[in-house]
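J.: Structure file entry21.txt (compact mmCIF, C-alpha atoms) is given on the next line.
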```txt
# COMPACT_ATOMS: atom_id res chain seq x y z
CA LYS A 77 42.56 20.95 48.72
CA GLU A 78 40.05 18.13 48.49
CA ARG A 79 36.50 18.86 47.50
CA ARG A 80 34.30 18.77 50.57
CA ARG A 81 31.57 16.25 50.08
CA GLY A 82 28.42 15.73 52.12
CA ARG A 83 28.09 12.07 53.07
CA GLY A 84 24.96 9.96 52.92
CA ARG A 85 23.37 7.48 50.47
CA TYR A 86 21.63 9.96 48.23
CA GLY A 87 24.45 12.37 47.84
CA GLY A 88 24.34 14.23 51.13
CA ARG A 89 23.82 17.91 51.98
CA LYS A 90 21.16 19.14 49.51
CA CYS A 91 20.72 15.61 48.05
CA GLY A 92 20.44 16.85 44.48
CA ARG A 93 17.25 18.76 45.28
CA GLY A 94 18.33 22.33 44.74
CA HIS A 95 17.88 25.27 47.12
CA LYS A 96 14.64 25.97 49.01
CA GLY A 97 11.30 26.43 47.28
CA GLU A 98 8.87 23.87 45.98
CA ARG A 99 11.63 21.87 44.35
CA GLN A 100 13.42 21.09 47.58
CA ARG A 101 10.26 20.75 49.61
CA GLY A 102 8.73 18.26 47.16
CA ASN A 103 5.62 20.34 46.41
CA ARG A 104 5.88 21.01 42.70
CA PRO A 105 2.56 21.22 40.78
CA ARG A 106 1.26 18.48 38.50
CA LEU A 107 2.74 17.67 35.12
CA GLY A 108 1.56 20.06 32.41
CA PHE A 109 0.86 22.96 34.75
CA GLU A 110 2.36 26.18 33.41
CA GLY A 111 2.04 28.43 36.43
CA GLY A 112 -1.53 29.52 35.70
CA GLN A 113 -1.18 30.11 31.97
CA THR A 114 -3.56 27.87 30.00
CA PRO A 115 -1.45 24.79 29.54
CA PHE A 116 -0.57 23.50 26.06
CA TYR A 117 -2.69 20.38 26.35
CA LEU A 118 -5.80 22.44 27.12
CA ALA A 119 -5.15 25.37 24.78
CA ILE A 120 -5.05 23.20 21.65
CA PRO A 121 -8.59 22.36 20.45
CA LYS A 122 -9.73 18.75 20.26
CA TYR A 123 -9.93 17.06 16.88
CA GLY A 124 -10.82 13.48 16.09
CA PHE A 125 -7.35 12.21 15.11
CA ASN A 126 -7.45 9.28 17.47
CA GLU A 127 -11.18 8.79 17.42
CA GLY A 128 -12.11 5.14 17.14
CA HIS A 129 -8.46 4.07 17.25
CA SER A 130 -9.43 1.02 19.23
CA LEU A 131 -11.69 -0.11 16.41
CA ARG A 132 -9.20 0.43 13.62
CA ARG A 133 -7.67 -2.64 12.02
CA GLN A 134 -3.90 -2.89 12.39
CA TYR A 135 -1.62 -5.03 10.30
CA GLN A 136 1.89 -5.90 11.40
CA PRO A 137 4.34 -4.92 8.62
CA LEU A 138 6.59 -7.54 7.09
CA SER A 139 9.27 -6.17 4.79
CA LEU A 140 10.63 -8.18 1.89
CA GLN A 141 14.09 -7.62 3.33
CA ARG A 142 13.03 -9.34 6.56
CA LEU A 143 11.49 -12.17 4.61
CA GLN A 144 14.68 -12.63 2.59
CA TYR A 145 16.66 -12.57 5.83
CA LEU A 146 14.52 -15.30 7.35
CA ILE A 147 14.74 -17.46 4.25
CA ASP A 148 18.50 -17.05 4.04
CA LEU A 149 18.97 -18.02 7.65
CA GLY A 150 16.77 -21.04 7.13
CA ARG A 151 14.11 -20.02 9.64
CA VAL A 152 11.40 -20.08 7.01
CA ASP A 153 11.13 -22.90 4.48
CA PRO A 154 10.54 -21.60 0.94
CA THR A 155 9.67 -25.08 -0.33
CA GLN A 156 6.43 -25.06 1.69
CA PRO A 157 3.62 -22.50 1.47
CA ILE A 158 4.46 -19.65 3.85
CA ASP A 159 1.66 -18.90 6.25
CA LEU A 160 1.23 -16.76 9.38
CA THR A 161 1.82 -19.89 11.48
CA GLN A 162 5.15 -20.48 9.74
CA LEU A 163 6.17 -16.88 10.28
CA THR A 164 5.17 -16.96 13.95
CA ASN A 165 7.01 -20.23 14.55
CA ALA A 166 10.10 -18.74 12.99
CA ARG A 167 9.59 -15.67 15.20
CA GLY A 168 9.76 -13.55 12.09
CA VAL A 169 6.78 -11.41 13.10
CA THR A 170 4.93 -11.02 16.37
CA VAL A 171 1.20 -10.61 15.98
CA GLN A 172 -1.00 -9.54 18.90
CA PRO A 173 -4.61 -10.44 18.03
CA LEU A 174 -5.84 -8.76 21.22
CA LYS A 175 -4.43 -5.40 20.15
CA ARG A 176 -6.74 -5.06 17.14
CA ASP A 177 -4.17 -6.77 14.89
CA TYR A 178 -5.82 -8.41 11.93
CA GLY A 179 -2.70 -9.98 10.49
CA VAL A 180 0.39 -9.14 8.48
CA GLN A 181 0.96 -6.80 5.55
CA LEU A 182 3.75 -6.94 2.99
CA VAL A 183 5.94 -3.86 2.79
CA GLU A 184 8.31 -3.05 -0.04
CA GLU A 185 11.45 -2.37 2.01
CA GLY A 186 13.79 -4.88 0.35
CA ALA A 187 12.27 -4.89 -3.11
CA ASP A 188 15.53 -4.58 -5.03
CA ILE A 189 17.31 -7.35 -3.08
CA PHE A 190 14.49 -9.85 -2.95
CA SER A 191 15.10 -13.08 -4.85
CA ALA A 192 13.16 -16.02 -3.52
CA LYS A 193 10.43 -18.12 -5.07
CA VAL A 194 7.77 -18.55 -2.40
CA ASN A 195 4.06 -19.06 -1.95
CA ILE A 196 3.06 -16.42 0.58
CA GLU A 197 -0.24 -15.79 2.25
CA VAL A 198 -0.68 -12.47 4.04
CA GLN A 199 -3.58 -10.23 4.91
CA ARG A 200 -2.61 -7.16 2.91
CA ALA A 201 0.02 -6.56 0.28
CA SER A 202 1.06 -3.48 -1.65
CA GLU A 203 1.41 -3.46 -5.42
CA LEU A 204 5.20 -3.30 -5.58
CA ALA A 205 5.50 -6.15 -3.10
CA ILE A 206 3.16 -8.34 -5.19
CA ALA A 207 5.10 -7.41 -8.33
CA THR A 208 8.47 -8.30 -6.74
CA ILE A 209 7.31 -11.70 -5.53
CA GLU A 210 5.73 -12.59 -8.86
CA LYS A 211 8.82 -11.43 -10.73
CA ASN A 212 10.84 -13.99 -8.81
CA GLY A 213 8.35 -16.68 -9.68
CA GLY A 214 6.30 -16.75 -6.48
CA VAL A 215 2.61 -16.57 -5.65
CA VAL A 216 0.93 -14.04 -3.34
CA THR A 217 -2.53 -14.39 -1.85
CA THR A 218 -4.36 -12.09 0.54
CA SER A 219 -6.87 -13.68 2.87
CA PHE A 220 -8.95 -12.66 5.83
CA TYR A 221 -8.81 -14.07 9.35
CA ASP A 222 -11.26 -12.93 11.99
CA PRO A 223 -9.71 -12.32 15.45
CA ARG A 224 -10.61 -15.74 16.85
CA SER A 225 -9.10 -17.65 13.93
CA LEU A 226 -6.11 -15.32 13.98
CA GLU A 227 -5.41 -16.22 17.58
CA ILE A 228 -5.72 -19.90 16.75
CA LEU A 229 -3.42 -19.44 13.76
CA CYS A 230 -0.72 -17.68 15.77
CA LYS A 231 -0.76 -20.10 18.71
CA PRO A 232 -2.00 -23.43 17.41
CA VAL A 233 -0.54 -25.63 20.15
CA VAL A 234 -2.23 -23.68 22.93
CA PHE A 235 -5.51 -24.02 21.08
CA PHE A 236 -5.14 -27.74 20.52
CA LEU A 237 -4.45 -28.25 24.20
CA ARG A 238 -7.85 -26.70 24.95
CA GLY A 239 -9.59 -29.61 23.26
CA GLN A 240 -12.10 -27.58 21.26
CA PRO A 241 -12.96 -28.39 17.62
CA ILE A 242 -11.34 -26.15 15.01
CA PRO A 243 -13.86 -23.40 14.16
CA LYS A 244 -14.58 -22.35 10.61
CA ARG A 245 -13.00 -19.11 9.43
CA MET A 246 -15.54 -16.30 9.14
CA LEU A 247 -16.01 -14.33 5.93
CA PRO A 248 -14.74 -10.73 5.82
CA PRO A 249 -16.97 -7.80 6.91
CA GLU A 250 -18.65 -5.58 4.33
CA ASP A 251 -15.87 -3.03 3.93
CA LEU A 252 -13.27 -5.75 3.38
CA VAL A 253 -15.28 -7.90 0.98
CA ARG A 254 -14.52 -5.48 -1.82
CA TYR A 255 -10.80 -5.64 -1.03
CA TYR A 256 -10.67 -9.42 -0.97
CA THR A 257 -12.72 -9.95 -4.12
CA ASP A 258 -10.38 -7.72 -6.12
CA ALA A 259 -7.90 -9.56 -8.35
CA ARG A 260 -5.44 -6.68 -8.16
CA ASN A 261 -4.93 -7.35 -4.45
CA ARG A 262 -4.80 -11.12 -5.18
CA GLY A 263 -7.72 -11.64 -2.81
CA TYR A 264 -8.66 -15.18 -1.90
CA LEU A 265 -12.25 -14.61 -3.00
CA ALA A 266 -11.27 -13.24 -6.42
CA ASP A 267 -11.74 -14.98 -9.79
CA PRO A 268 -8.64 -17.04 -10.74
CA SER A 269 -8.85 -15.94 -14.38
CA LYS A 270 -8.95 -12.30 -13.32
CA VAL A 271 -5.94 -12.95 -11.08
CA ALA A 272 -4.04 -14.26 -14.10
CA GLU A 273 -4.99 -11.13 -16.04
CA ALA A 274 -3.85 -8.94 -13.17
CA ARG A 275 -0.50 -10.76 -13.14
CA LEU A 276 0.04 -9.94 -16.81
CA GLU A 277 -0.95 -6.34 -16.20
CA LEU A 278 1.57 -5.96 -13.40
CA ALA A 279 4.27 -7.55 -15.55
CA LYS A 280 3.61 -5.01 -18.28
CA LYS A 281 3.52 -2.12 -15.86
CA TYR A 282 6.77 -2.96 -14.10
CA GLY A 283 8.54 -4.15 -17.23
CA TYR A 284 9.54 -7.71 -16.43
CA VAL A 285 8.92 -11.04 -18.12
CA LEU A 286 6.33 -13.02 -16.15
CA PRO A 287 7.83 -16.45 -15.39
CA ASP A 288 5.49 -19.30 -16.20
CA ILE A 289 4.76 -21.10 -12.96
CA THR A 290 2.91 -23.98 -14.63
CA LYS A 291 6.23 -25.27 -15.96
CA ASP A 292 7.80 -25.15 -12.51
CA GLU A 293 8.57 -28.32 -10.50
CA LEU A 294 7.07 -26.80 -7.39
CA PHE A 295 3.92 -25.74 -9.25
CA LYS A 296 1.72 -28.02 -7.14
CA MET A 297 3.07 -26.55 -3.94
CA LEU A 298 2.95 -22.98 -5.26
CA SER A 299 -0.66 -23.25 -6.30
CA ALA A 300 -1.80 -24.79 -2.98
CA ARG A 301 -4.37 -22.44 -1.51
CA LYS A 302 -6.62 -22.64 1.48
CA ASP A 303 -10.35 -23.05 1.35
CA PRO A 304 -12.14 -19.83 2.47
CA ARG A 305 -13.43 -21.62 5.59
CA GLN A 306 -10.19 -23.39 6.45
CA ILE A 307 -7.68 -22.16 9.02
CA PHE A 308 -4.87 -24.69 8.75
CA PHE A 309 -3.55 -26.31 5.62
CA GLY A 310 -4.00 -29.97 6.46
CA LEU A 311 -6.90 -29.70 8.91
CA ALA A 312 -10.56 -28.95 8.21
CA PRO A 313 -13.00 -27.11 10.50
CA GLY A 314 -14.71 -29.35 13.01
CA TRP A 315 -11.79 -31.64 13.74
CA ILE A 316 -10.30 -31.99 17.19
CA VAL A 317 -6.56 -32.52 17.56
CA ASN A 318 -5.49 -34.58 20.54
CA MET A 319 -1.91 -33.62 21.42
CA ALA A 320 -1.44 -36.18 24.18
CA ASP A 321 -2.40 -39.22 22.12
CA LYS A 322 -1.29 -37.67 18.79
CA LYS A 323 -4.70 -38.39 17.23
CA ILE A 324 -7.22 -36.39 15.18
CA LEU A 325 -10.94 -36.78 15.85
CA LYS A 326 -13.39 -35.99 13.08
CA PRO A 327 -17.13 -35.44 13.59
CA THR A 328 -19.48 -38.06 12.21
CA ASP A 329 -22.90 -36.52 12.94
CA GLU A 330 -24.67 -35.40 9.78
CA ARG A 331 -25.77 -32.02 11.14
CA LEU A 332 -22.27 -31.21 12.35
CA LEU A 333 -20.75 -32.15 9.02
CA LYS A 334 -23.31 -30.01 7.23
CA TYR A 335 -22.58 -27.07 9.52
CA TYR A 336 -18.83 -27.31 9.18
CA SER A 337 -18.81 -27.75 5.45
CA SER A 338 -21.14 -24.81 4.69
CA ARG B 33 14.68 -3.21 -27.59
CA LEU B 34 14.84 -0.93 -24.58
CA THR B 35 18.14 -0.60 -22.77
CA VAL B 36 17.70 -0.35 -19.02
CA SER B 37 20.46 0.74 -16.68
CA TYR B 38 20.53 1.55 -13.01
CA CYS B 39 22.75 3.95 -11.18
CA ARG B 40 22.89 5.84 -7.94
CA SER B 41 20.42 8.67 -7.46
CA SER B 42 21.30 12.19 -6.50
CA GLY B 43 20.21 14.15 -3.43
CA PRO B 44 20.61 13.76 0.32
CA GLY B 45 20.30 10.44 2.08
CA GLY B 46 23.65 9.47 3.52
CA GLN B 47 25.00 5.98 3.17
CA HIS B 48 21.82 4.54 1.74
CA VAL B 49 21.77 6.91 -1.22
CA ASN B 50 25.46 6.33 -1.86
CA LYS B 51 25.37 2.57 -2.06
CA VAL B 52 21.99 1.61 -3.45
CA ASN B 53 21.25 1.80 -7.18
CA SER B 54 17.86 3.31 -7.47
CA LYS B 55 17.91 5.60 -10.46
CA ALA B 56 16.50 3.81 -13.44
CA GLU B 57 17.32 4.95 -16.95
CA VAL B 58 15.68 3.65 -20.09
CA ARG B 59 17.00 4.46 -23.53
CA PHE B 60 16.07 3.32 -27.00
CA HIS B 61 17.06 4.33 -30.51
CA LEU B 62 14.17 6.45 -31.73
CA ALA B 63 14.67 6.22 -35.48
CA SER B 64 14.90 2.43 -35.54
CA ALA B 65 12.01 1.83 -33.12
CA ASP B 66 9.69 -0.18 -35.35
CA TRP B 67 7.05 -0.51 -32.65
CA ILE B 68 6.17 3.19 -33.05
CA PRO B 69 4.54 4.40 -36.30
CA GLU B 70 6.64 6.68 -38.51
CA ALA B 71 4.58 9.87 -38.08
CA VAL B 72 4.54 9.47 -34.31
CA ARG B 73 8.31 8.99 -34.34
CA GLN B 74 8.79 12.32 -36.14
CA LYS B 75 6.47 14.06 -33.71
CA MET B 76 8.33 12.65 -30.74
CA ALA B 77 11.68 13.64 -32.19
CA SER B 78 10.48 17.22 -32.47
CA MET B 79 8.68 17.36 -29.11
CA HIS B 80 11.43 15.81 -26.98
CA ARG B 81 14.42 17.19 -28.85
CA ASN B 82 16.16 17.90 -25.54
CA LYS B 83 16.03 14.30 -24.44
CA ILE B 84 17.67 12.80 -27.54
CA ASN B 85 21.41 12.44 -27.58
CA ARG B 86 23.82 12.66 -30.52
CA ALA B 87 23.50 8.96 -31.25
CA GLY B 88 19.77 9.43 -31.72
CA GLU B 89 18.65 7.61 -28.54
CA LEU B 90 15.71 8.90 -26.50
CA ILE B 91 16.63 8.82 -22.82
CA VAL B 92 14.08 8.69 -20.01
CA ASN B 93 15.22 8.50 -16.39
CA SER B 94 13.49 8.55 -13.07
CA GLU B 95 14.77 8.82 -9.52
CA GLU B 96 11.55 9.69 -7.74
CA SER B 97 11.11 6.54 -5.69
CA ARG B 98 13.32 4.57 -3.33
CA TYR B 99 12.81 1.37 -5.25
CA GLN B 100 14.42 0.41 -8.55
CA MET B 101 11.31 -1.42 -9.71
CA ARG B 102 9.05 1.52 -9.08
CA ASN B 103 11.45 3.86 -10.89
CA LEU B 104 11.44 1.48 -13.83
CA ALA B 105 7.65 1.43 -13.80
CA ILE B 106 7.61 5.23 -13.74
CA CYS B 107 10.02 5.35 -16.72
CA LEU B 108 7.77 3.02 -18.71
CA GLU B 109 4.73 5.11 -17.80
CA LYS B 110 6.53 8.23 -19.02
CA ILE B 111 7.36 6.56 -22.35
CA ARG B 112 3.74 5.46 -22.74
CA ALA B 113 2.56 9.00 -21.99
CA MET B 114 5.00 10.42 -24.57
CA VAL B 115 3.77 8.05 -27.26
CA THR B 116 0.10 8.80 -26.49
CA GLU B 117 0.79 12.51 -26.52
CA ALA B 118 2.48 12.27 -29.89
CA THR B 119 -0.31 10.13 -31.33
CA GLU B 120 -3.18 12.49 -30.56
CA LYS B 121 -4.45 14.35 -33.62
CA PRO B 122 -5.04 18.12 -33.52
CA LYS B 123 -8.66 18.87 -32.81
CA VAL B 124 -10.58 19.51 -36.02
CA VAL B 125 -13.57 21.76 -35.45
CA SER B 126 -16.18 21.18 -38.11
CA LYS B 127 -17.70 24.04 -40.08
CA GLU B 128 -21.11 23.69 -38.46
CA THR B 129 -19.61 23.88 -34.98
CA THR B 130 -17.61 27.04 -35.76
CA GLN B 131 -20.72 28.67 -37.24
CA LYS B 132 -22.73 27.69 -34.20
CA LEU B 133 -20.11 29.17 -31.88
CA ILE B 134 -20.06 32.50 -33.82
CA GLU B 135 -23.86 32.60 -33.77
CA ARG B 136 -23.82 32.00 -30.03
CA VAL B 137 -21.40 34.89 -29.41
CA GLU B 138 -23.46 37.28 -31.56
CA LYS B 139 -26.65 36.28 -29.78
CA MET B 140 -25.02 36.93 -26.40
CA ASN B 141 -23.94 40.41 -27.46
CA ARG B 142 -27.39 41.24 -28.85
CA GLU B 143 -29.03 40.11 -25.63
CA ARG B 144 -26.59 42.14 -23.57
CA LEU B 145 -27.30 45.31 -25.58
CA ARG B 146 -31.06 44.72 -25.32
CA GLN B 147 -30.89 44.42 -21.55
CA LYS B 148 -28.76 47.55 -21.45
CA LYS B 149 -31.38 49.43 -23.51
CA ILE B 150 -34.18 48.28 -21.19
CA HIS B 151 -32.23 49.42 -18.13
CA SER B 152 -31.47 52.76 -19.76
CA ASP B 153 -35.19 53.26 -20.63
CA ILE B 154 -36.17 52.64 -17.03
CA LYS B 155 -33.67 55.22 -15.79
CA GLN B 156 -34.77 57.72 -18.41
CA SER B 157 -38.44 57.30 -17.55
CA ARG B 158 -37.62 58.37 -13.98
CA LYS B 159 -36.18 61.64 -15.23
CA ALA B 160 -38.53 64.56 -14.89
CA ASP B 161 -38.00 66.89 -17.83
CA PHE B 162 -39.79 70.15 -17.46
CA ASP B 163 -40.89 70.70 -21.00
```
Would you mind writing the file out in structure tokens?
T.:
Amino acid sequence: KERRRGRGRYGGRKCGRGHKGERQRGNRPRLGFEGGQTPFYLAIPKYGFNEGHSLRRQYQPLSLQRLQYLIDLGRVDPTQPIDLTQLTNARGVTVQPLKRDYGVQLVEEGADIFSAKVNIEVQRASELAIATIEKNGGVVTTSFYDPRSLEILCKPVVFFLRGQPIPKRMLPPEDLVRYYTDARNRGYLADPSKVAEARLELAKKYGYVLPDITKDELFKMLSARKDPRQIFFGLAPGWIVNMADKKILKPTDERLLKYYSS
Amino acid sequence: RLTVSYCRSSGPGGQHVNKVNSKAEVRFHLASADWIPEAVRQKMASMHRNKINRAGELIVNSEESRYQMRNLAICLEKIRAMVTEATEKPKVVSKETTQKLIERVEKMNRERLRQKKIHSDIKQSRKADFD
């Protein structure tokens, strides 16, 4: 005998709503209500786990495995210094400056597989990640970008179309100054001699021979670093890039030059 | 002079643990290690007798971390700690210091007995003896 089925678009007969009561009549209480018992979300006391979460700095993680993947596929060029702009253009990472993102951090996920000689600039890097990159003959630098410069860095074309002069990159806030002046984190404000010492220390700690980058052909490229006030590699603060006419305009007024070079 | 080898670690972890070499093992021949002084070598041989194999090699392994490099770093740290431990000399307490310590203990005991006597005198003075 065939199964008797109610007809109708939503299944027919009881329409998947059950039998009588609040369920069928569409009058169930709000989410979280436990029939009068103190609900879970009110019984548990408040504690400041998420307090100030909108003011916390977030860094998008970039694993060494992902970086190796991008280099192998050819999306990122290891012969040029790797910057956030390069990573964004290659769609390797997606940074949202409006969501309290302050940049990218290096994570040690693919430490054992990593084998690429690159000049990387990120915002935070862990010790193992720095050690792995230097073992393969690369250079790591950590630098700070305030939210406005970060947005410009991630979407340069949109910024150039606005027609505003490139602003100068602000210096890090008090709590981050200590981080970026430390040679162990390879901060961009740290002493170069101390950075060299820190490289030797890491080599001794992790037990590898530190390759001499001065004897490398790409040494000039590897040692290219940005000025603390500079956002892009080739462009200086104060310049205006005209996309339509493919021209760059530089300021000539003395006061402007003084302001932008401070 | 140190022989490093990697192999697969033990413990749960599924496919990742089975395929990835993350246990780092460092071994070196203790008797012929000229970078450690002779006395320290003897001390180490006696302290870590269980970690030396028949061929006389001291073996240190580590599988605490997920990364080979970190395990290697941990092995090296362990070796450094072993050498430092074996180098430390037993604490020599000078004669004056031992005398001072004995004097201190005696003084403490004397003070304690004096306080006890004072307390006992107070309690005794409250006693009313009908004499």
J.: For CA of Lys55 in chain B and CA of Asn93 in chain B, determine how far apart the two atoms are, in Å to one decimal place.
T.: 7.1 Å
J.: Would you write out, as JSON lines, a table of all residues in chain B that have an atom no more than 7 Å from an atom of chain A, listing for each the closest atom pair and the distance in Å to one decimal, considering all atoms listed in the file and ordering rows by chain and rising residue number?
T.:
```
{"residue": "B:Tyr99", "atom": "CA", "partner": "A:Asp188", "partner_atom": "CA", "distance": 6.5}
{"residue": "B:Gln100", "atom": "CA", "partner": "A:Asp188", "partner_atom": "CA", "distance": 6.2}
{"residue": "B:Met101", "atom": "CA", "partner": "A:Tyr282", "partner_atom": "CA", "distance": 6.5}
{"residue": "B:Leu104", "atom": "CA", "partner": "A:Tyr282", "partner_atom": "CA", "distance": 6.4}
{"residue": "B:Ala105", "atom": "CA", "partner": "A:Tyr282", "partner_atom": "CA", "distance": 4.5}
```
J.: What is the CA of Gln144 in chain A to CA of Ile209 in chain A distance in Å?
T.: 11.0 Å
J.: Kindly indicate which residue among A:Tyr221, A:Tyr336, A:Tyr264, A:Phe236 lies nearest to Lys322 in chain A, using all atoms listed in the file for the distances.
T.: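 Of all the options, A:Phe236 lies closest to Lys322 in chain A.
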J.: Kindly give the distance, in Å, that separates CA of Val92 in chain B and CA of Ala56 in chain B, rounded to a single decimal.
T.: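 Computed distance, CA of Val92 in chain B to CA of Ala56 in chain B, equals 8.5 Å.
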J.: Fewer than 6 positions away in the same chain doesn't count, so skip those; otherwise give me all residues within 9 Å of Glu89 in chain B, counting all atoms listed in the file, as a list in words.
T.: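 Once the adjacent positions are removed, what remains is Arg59, Phe60, His61, Leu62, Ala63 and Lys83 of chain B.
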J.: Contacts of Val169 in chain A at 8 Å or less, counting only C-alpha atoms, minus same-chain residues fewer than 5 places along, as a ChimeraX atom specification?
T.: /A:136,138,163-164
J.: Skipping near chain neighbours, those fewer than 5 positions away, what residues fall within 9 Å of Arg301 in chain A using all atoms listed in the file, listed as a list of chain:residue names?
T.: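 Near Arg301 in chain A, the qualifying residues are A:Pro157, A:Glu197, A:Thr217, A:Tyr264, A:Phe309.
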J.: Now that the selection is made, can you save its residues with C-alpha atoms as a CSV table (one decimal), keeping the file's coordinate frame?
T.:
```
chain,number,residue,atom,x,y,z
A,157,PRO,CA,3.6,-22.5,1.5
A,197,GLU,CA,-0.2,-15.8,2.2
A,217,THR,CA,-2.5,-14.4,-1.8
A,264,TYR,CA,-8.7,-15.2,-1.9
A,309,PHE,CA,-3.6,-26.3,5.6
```
J.: Which polymer residues have any atom within 12 Å of an atom of Arg224 in chain A, counting all atoms listed in the file, with same-chain residues fewer than 3 positions away left out, as a list in words?
T.: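 Answer for this query is Gln172, Pro173, Leu174, Arg176, Asp177, Tyr178, Gly179, Phe220, Tyr221, Glu227, Ile228, Leu229, Cys230, Lys231, Pro232, Phe235, Ile242, Pro243, Lys244, Arg245, Met246 and Ile307 of chain A.
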J.: Name the residues in contact with Leu143 in chain A at a cut-off of 9 Å, using only C-alpha atoms, excluding same-chain residues fewer than 6 positions from it; report them as a list in words.
T.: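 So, after excluding close chain neighbours, the residues are Val152, Gly168, Gly186 and Phe190 of chain A.
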